[in-house]
Amino acid sequence: MNETPILQSVADIIRDVLDDPALAIGIDTTADQTEGWDSFNHINIVVAIEQKFGIKFKTAEIESLRNVGELVDLIGQKLKLKS
Amino acid sequence: MSMFNLYWLPEDPNWNGLLRAVSAAPSWPDLVRLAGTRVDMLKTNRLDKVLRRSFANPPDGLRSKPVSLAVLSSSTVDHLLPAIRVGALRRNLWLDIFTGDYGQYLQELLDEASALYRAAPDTILFAFDAQHLFGSADPGITLPEADALIDQTAERVSNLWRLAKDRLGCHIIQQTILPVFPMLAGSNEHRLGGSPANLVTQMNQRFRRMADEAGIDLLAIDSMAAQSGIAPWYDPMLWHKAKQEISPIAAPAYGDLVGRLLAARRGMSFKCLVLDLDNTLWGGVIGDDGLDGIKLGQGSALGEAHVAFQRYCRDLSRRGIILAVCSKNDDANARAPFEAHPEMILRLSDIACFVANWDDKPGNIRSIAERLNIGLDALAFADDNPFERAIVRRELSMVAVPELPEDPALYAGCIADAGYFETVRITGEDFERGRQYQANLQREQARDSSTDMAGYLSSLDMTLVCMPFDPVGLPRIVQLINKTNQFNLTTRRYGEAEVRHLMEDPKAVTMQIRLTDKLGDNGMISVVIGRVDPENFLVIDTWLMSCRVLGRQVEQATMNVIANAALRRGLTRIKGEYVPTAKNGMVLEHYRKLGFRLTQDDPDGRTLWELDLSDYAPFSTFIAVNEGKSHE
């Protein structure tokens, strides 16, 4: 899976969790600038992504992420390791 | 198969579209239907948002009173609340949840001015995490010290239960402790008294004993984790990050567990399992493969799996679940294995209603419900054939139809995981019920073949045994009060404490009524509660009866007993009341049939009735009446 479909899936999950179907999400999107993306929803987003891609993040990995782009990169790396 | 993804619920490919539609045009039945499809954490949360937006207040005409639930916890539970609401929705319950600040439950319980008291919950769920109870235990303590620690913890918890019961009059659900601690010693962890893992095991055992003594219910997530593995329930990373002891992944299953407990307490569990035959109870098709050809029992793994499923069904029937058969088959073919196959576990005598023909299954299932005198929403239908499942779901959305896994080895686990038959009270009558329904069908058949109804009834040698409420009958009385829906004049639900109170109230007239006949003891089949009002009326507050004994003059015989009870107290007038619900239309004319006069007819359908006993002529019936004293 290359990066574009990963970004699309991640964006769908974020829209679902935040219940905002029209939310624009790109690689520069951050939690801080996105309405509703609080610590509670953050956990739901992370857990839903883990379930969707069948991967598991480490505590340290999650804490180091700065934006959606880095999240997508991390998912890509984990998927490569899996295959 | 792990229960955390609700695999027994069917997936709906058009889920998003349905959610949009119900969001645009809110409808409670449509929301219930959506909750009955397979939903993960995200869908659960989205459904909950629509639910709360559409029904901030309970809709009209609900089958059961709205539930006010307080969740008092020692860690984060906010992420579980949507799933609890959806779990209740799935059981047709509207639920309002109060949560205190986590860790503040004791203060809230002690302070009668707290938000908890303002919320006035009818049920409290205590959810204590393992860390909170035993996280700081010292593994170095001796076994007697560990026992003392369990005693202390038990004492603390039962004090909370008492506070909640005495001050708030709540029903209580105690969550058992999730076994999250890693082992220190291993398989023989119990020899290390103070190990947190051992303390959790010990405390969970203690909870079971305490719960039965205190009359509260357990939410046994420890058992669920034991079956499905701790992994989907508990994620240590989320614990450290957010103090979520139960992972959001497991939230839908957790919510469903809470929902089924609440439903069971309100008498809304399923009562009957309707079984398909070919490829469900045995492998192959009896009409094609014949007695020798079907796969059942030793000789094949598949045959063994079907035997195991039959055994599970039989065990369900032994504990009070009614079994029925609904099969597309020639009747004689369908019955042949029950009569002649040596490996069959289920016998015809285990099946309360046997329907094998070529008609459509929804129609047959409807007639099964009618013949058993139970509502369609008390039926679960197990069929390996996706086509039959789909048509039954489409035609009869109130019937539960599990998505049986393809392998029959997994059938029993699927029925168990679905939790249809969740039961909080086990009474002696439960063990008798299957036999009673069977005997009922014999009676029914006798009636079919006999045009002489009077002769049939008189041949039954019926005796009505009527006694005041007493402690021996209490569990069954409470059970009947809380689960009888159809023959129930007022559908007032009373808990154990309220019924106990009635036993001591000199103004109350209580009756527990059993019916015996030559085919067997039907058990307790009717409950009557009367009160003497200031104008010296005997007011019938509650009159309910099990539909198993309809058409046998029990109502008339009971009326005679009520009249006698009134006259013995010098009361000459009786007041009756009918409060309509979605289910009790069958007793709309009950009091008229018994000679009462209509005195009030409210716009909402409630009616009041009076009967003057000064010229009361007892009904003549074929039932002998035996008015006994209570068990002392």
# chains A, B, ... in the order shown; residues from 1 in each chain; ligands from 1
call {"tool": "residues_around", "arguments": {"residues": "Ile62 in chain A", "least_positions_apart": "4", "cutoff": "9 Å", "atoms": "only C-alpha atoms", "output": "MDAnalysis selection string"}}
result
chainID A and resid 46 57:58 71
call {"tool": "interface_residues", "arguments": {"of": "chain B", "to": "chain A", "cutoff": "9 Å", "atoms": "only C-alpha atoms", "output": "MDAnalysis selection string"}}
result
chainID B and resid 41:43 45:46 49 78:79 237:238 241:242 247:249
call {"tool": "select_by_dssp", "arguments": {"residues": "range 442-606 of chain B", "states": "alpha helix (DSSP H)", "output": "VMD selection string"}}
result
chain B and resid 442 to 448 453 to 459 474 to 483 496 to 504 554 to 568 590 to 593
call {"tool": "write_last_selection", "arguments": {"atoms": "N, CA and C atoms", "output": "short mmCIF file (atom, residue, chain, number, x, y, z; two decimals), in the first residue's frame"}}
result
data_model
loop_
_atom_site.label_atom_id
_atom_site.label_comp_id
_atom_site.auth_asym_id
_atom_site.auth_seq_id
_atom_site.Cartn_x
_atom_site.Cartn_y
_atom_site.Cartn_z
N GLN B 442 -49.17 -31.54 25.19
CA GLN B 442 -50.01 -32.74 25.28
C GLN B 442 -51.44 -32.33 25.58
N ARG B 443 -51.57 -31.36 26.49
CA ARG B 443 -52.91 -30.87 26.81
C ARG B 443 -53.55 -30.26 25.57
N GLU B 444 -52.70 -29.45 24.86
CA GLU B 444 -53.15 -28.76 23.66
C GLU B 444 -53.66 -29.77 22.63
N GLN B 445 -52.87 -30.84 22.44
CA GLN B 445 -53.27 -31.85 21.46
C GLN B 445 -54.56 -32.51 21.90
N ALA B 446 -54.66 -32.79 23.20
CA ALA B 446 -55.90 -33.38 23.72
C ALA B 446 -57.06 -32.45 23.38
N ARG B 447 -56.78 -31.12 23.46
CA ARG B 447 -57.85 -30.18 23.20
C ARG B 447 -58.20 -30.17 21.71
N ASP B 448 -57.14 -30.22 20.86
CA ASP B 448 -57.39 -30.23 19.41
C ASP B 448 -58.32 -31.37 19.02
N MET B 453 -65.01 -29.30 25.22
CA MET B 453 -64.09 -28.53 26.05
C MET B 453 -64.32 -28.80 27.54
N ALA B 454 -65.59 -28.83 27.93
CA ALA B 454 -65.90 -29.03 29.35
C ALA B 454 -65.39 -30.40 29.81
N GLY B 455 -65.63 -31.40 28.95
CA GLY B 455 -65.16 -32.74 29.30
C GLY B 455 -63.65 -32.77 29.44
N TYR B 456 -62.97 -32.05 28.52
CA TYR B 456 -61.51 -32.01 28.57
C TYR B 456 -61.03 -31.36 29.86
N LEU B 457 -61.61 -30.21 30.20
CA LEU B 457 -61.15 -29.51 31.40
C LEU B 457 -61.43 -30.34 32.65
N SER B 458 -62.60 -30.96 32.68
CA SER B 458 -62.91 -31.72 33.90
C SER B 458 -62.00 -32.94 33.99
N SER B 459 -61.55 -33.46 32.83
CA SER B 459 -60.67 -34.63 32.88
C SER B 459 -59.28 -34.28 33.37
N LEU B 474 -40.82 -16.07 47.25
CA LEU B 474 -40.37 -14.73 46.87
C LEU B 474 -39.64 -14.63 45.52
N PRO B 475 -38.60 -15.47 45.28
CA PRO B 475 -37.87 -15.30 44.02
C PRO B 475 -38.78 -15.45 42.79
N ARG B 476 -39.65 -16.45 42.82
CA ARG B 476 -40.53 -16.68 41.67
C ARG B 476 -41.58 -15.56 41.55
N ILE B 477 -42.06 -15.06 42.71
CA ILE B 477 -43.02 -13.95 42.68
C ILE B 477 -42.39 -12.74 42.00
N VAL B 478 -41.17 -12.41 42.41
CA VAL B 478 -40.49 -11.25 41.84
C VAL B 478 -40.24 -11.48 40.35
N GLN B 479 -39.87 -12.71 40.02
CA GLN B 479 -39.62 -13.04 38.61
C GLN B 479 -40.89 -12.82 37.77
N LEU B 480 -42.01 -13.35 38.26
CA LEU B 480 -43.27 -13.20 37.51
C LEU B 480 -43.66 -11.73 37.38
N ILE B 481 -43.51 -10.98 38.48
CA ILE B 481 -43.89 -9.56 38.45
C ILE B 481 -43.08 -8.81 37.42
N ASN B 482 -41.83 -9.23 37.24
CA ASN B 482 -40.96 -8.46 36.37
C ASN B 482 -40.88 -8.97 34.95
N LYS B 483 -41.42 -10.16 34.68
CA LYS B 483 -41.32 -10.59 33.29
C LYS B 483 -42.64 -10.88 32.62
N GLU B 496 -37.50 -6.98 44.86
CA GLU B 496 -37.59 -7.89 45.99
C GLU B 496 -37.94 -7.15 47.28
N ALA B 497 -37.31 -5.97 47.46
CA ALA B 497 -37.54 -5.23 48.70
C ALA B 497 -39.00 -4.80 48.81
N GLU B 498 -39.57 -4.36 47.67
CA GLU B 498 -40.96 -3.91 47.70
C GLU B 498 -41.91 -5.08 47.99
N VAL B 499 -41.59 -6.24 47.42
CA VAL B 499 -42.46 -7.40 47.66
C VAL B 499 -42.37 -7.84 49.11
N ARG B 500 -41.16 -7.81 49.65
CA ARG B 500 -41.00 -8.13 51.08
C ARG B 500 -41.85 -7.21 51.94
N HIS B 501 -41.83 -5.94 51.57
CA HIS B 501 -42.59 -4.94 52.30
C HIS B 501 -44.08 -5.29 52.29
N LEU B 502 -44.57 -5.74 51.14
CA LEU B 502 -45.98 -6.11 51.02
C LEU B 502 -46.35 -7.25 51.97
N MET B 503 -45.36 -8.16 52.18
CA MET B 503 -45.64 -9.31 53.03
C MET B 503 -45.95 -8.88 54.45
N GLU B 504 -45.45 -7.69 54.83
CA GLU B 504 -45.66 -7.24 56.21
C GLU B 504 -46.76 -6.19 56.32
N VAL B 554 -58.65 -20.45 34.95
CA VAL B 554 -57.87 -20.02 36.12
C VAL B 554 -58.31 -18.62 36.55
N GLU B 555 -58.63 -17.75 35.57
CA GLU B 555 -59.04 -16.39 35.93
C GLU B 555 -60.31 -16.41 36.80
N GLN B 556 -61.27 -17.23 36.38
CA GLN B 556 -62.53 -17.30 37.13
C GLN B 556 -62.30 -17.87 38.53
N ALA B 557 -61.49 -18.93 38.59
CA ALA B 557 -61.22 -19.52 39.91
C ALA B 557 -60.51 -18.52 40.80
N THR B 558 -59.58 -17.75 40.21
CA THR B 558 -58.85 -16.74 40.98
C THR B 558 -59.81 -15.65 41.47
N MET B 559 -60.73 -15.26 40.60
CA MET B 559 -61.72 -14.24 40.98
C MET B 559 -62.50 -14.71 42.21
N ASN B 560 -62.88 -15.98 42.22
CA ASN B 560 -63.58 -16.51 43.39
C ASN B 560 -62.73 -16.36 44.65
N VAL B 561 -61.44 -16.65 44.51
CA VAL B 561 -60.54 -16.56 45.67
C VAL B 561 -60.42 -15.11 46.14
N ILE B 562 -60.32 -14.18 45.17
CA ILE B 562 -60.21 -12.77 45.54
C ILE B 562 -61.48 -12.31 46.27
N ALA B 563 -62.63 -12.72 45.73
CA ALA B 563 -63.89 -12.33 46.36
C ALA B 563 -63.97 -12.86 47.79
N ASN B 564 -63.58 -14.10 47.97
CA ASN B 564 -63.55 -14.69 49.31
C ASN B 564 -62.66 -13.90 50.25
N ALA B 565 -61.47 -13.55 49.74
CA ALA B 565 -60.50 -12.83 50.58
C ALA B 565 -61.09 -11.49 51.01
N ALA B 566 -61.79 -10.82 50.08
CA ALA B 566 -62.39 -9.53 50.42
C ALA B 566 -63.48 -9.73 51.47
N LEU B 567 -64.37 -10.69 51.24
CA LEU B 567 -65.49 -10.90 52.16
C LEU B 567 -65.00 -11.28 53.55
N ARG B 568 -63.93 -12.08 53.61
CA ARG B 568 -63.38 -12.46 54.92
C ARG B 568 -62.93 -11.23 55.71
N HIS B 590 -60.78 -7.94 30.51
CA HIS B 590 -60.69 -8.90 31.62
C HIS B 590 -61.76 -8.66 32.68
N TYR B 591 -61.84 -7.42 33.16
CA TYR B 591 -62.77 -7.17 34.27
C TYR B 591 -64.22 -7.22 33.81
N ARG B 592 -64.46 -6.79 32.56
CA ARG B 592 -65.84 -6.88 32.07
C ARG B 592 -66.28 -8.35 32.07
N LYS B 593 -65.39 -9.23 31.59
CA LYS B 593 -65.73 -10.65 31.53
C LYS B 593 -66.02 -11.22 32.91
#
call {"tool": "select_by_dssp", "arguments": {"residues": "range 68-220 of chain B", "states": "strand (DSSP E)", "output": "list of chain:residue names"}}
result
B:Ser68, B:Leu69, B:Ala70, B:Val71, B:Leu72, B:Ser73, B:Leu95, B:Asp96, B:Ile97, B:Phe98, B:Thr99, B:Thr123, B:Ile124, B:Leu125, B:Phe126, B:Ala127, B:His171, B:Ile172, B:Ile173, B:Gln174, B:Gln175, B:Asp217, B:Leu218, B:Leu219
call {"tool": "write_last_selection", "arguments": {"atoms": "C-alpha atoms", "output": "mmCIF file, in the first residue's frame"}}
result
data_model
loop_
_atom_site.group_PDB
_atom_site.id
_atom_site.type_symbol
_atom_site.label_atom_id
_atom_site.label_comp_id
_atom_site.auth_asym_id
_atom_site.auth_seq_id
_atom_site.Cartn_x
_atom_site.Cartn_y
_atom_site.Cartn_z
ATOM 1 C CA SER B 68 -31.311 5.763 34.861
ATOM 2 C CA LEU B 69 -27.866 4.268 35.320
ATOM 3 C CA ALA B 70 -25.019 5.668 37.392
ATOM 4 C CA VAL B 71 -21.558 4.375 36.555
ATOM 5 C CA LEU B 72 -19.298 4.832 39.573
ATOM 6 C CA SER B 73 -15.756 3.983 38.718
ATOM 7 C CA LEU B 95 -30.939 4.809 29.018
ATOM 8 C CA ASP B 96 -29.691 7.889 30.763
ATOM 9 C CA ILE B 97 -26.202 7.662 32.268
ATOM 10 C CA PHE B 98 -24.731 9.563 35.161
ATOM 11 C CA THR B 99 -21.007 9.332 35.832
ATOM 12 C CA THR B 123 -29.274 1.246 38.907
ATOM 13 C CA ILE B 124 -25.647 1.746 39.919
ATOM 14 C CA LEU B 125 -22.777 0.032 38.161
ATOM 15 C CA PHE B 126 -19.648 -0.113 40.290
ATOM 16 C CA ALA B 127 -16.600 -0.449 38.045
ATOM 17 C CA HIS B 171 -30.365 -1.928 42.081
ATOM 18 C CA ILE B 172 -26.659 -2.685 41.965
ATOM 19 C CA ILE B 173 -24.366 -4.168 39.358
ATOM 20 C CA GLN B 174 -20.806 -4.897 40.449
ATOM 21 C CA GLN B 175 -18.195 -5.332 37.758
ATOM 22 C CA ASP B 217 -25.842 -8.704 39.959
ATOM 23 C CA LEU B 218 -22.323 -9.141 38.681
ATOM 24 C CA LEU B 219 -20.930 -7.926 35.393
#
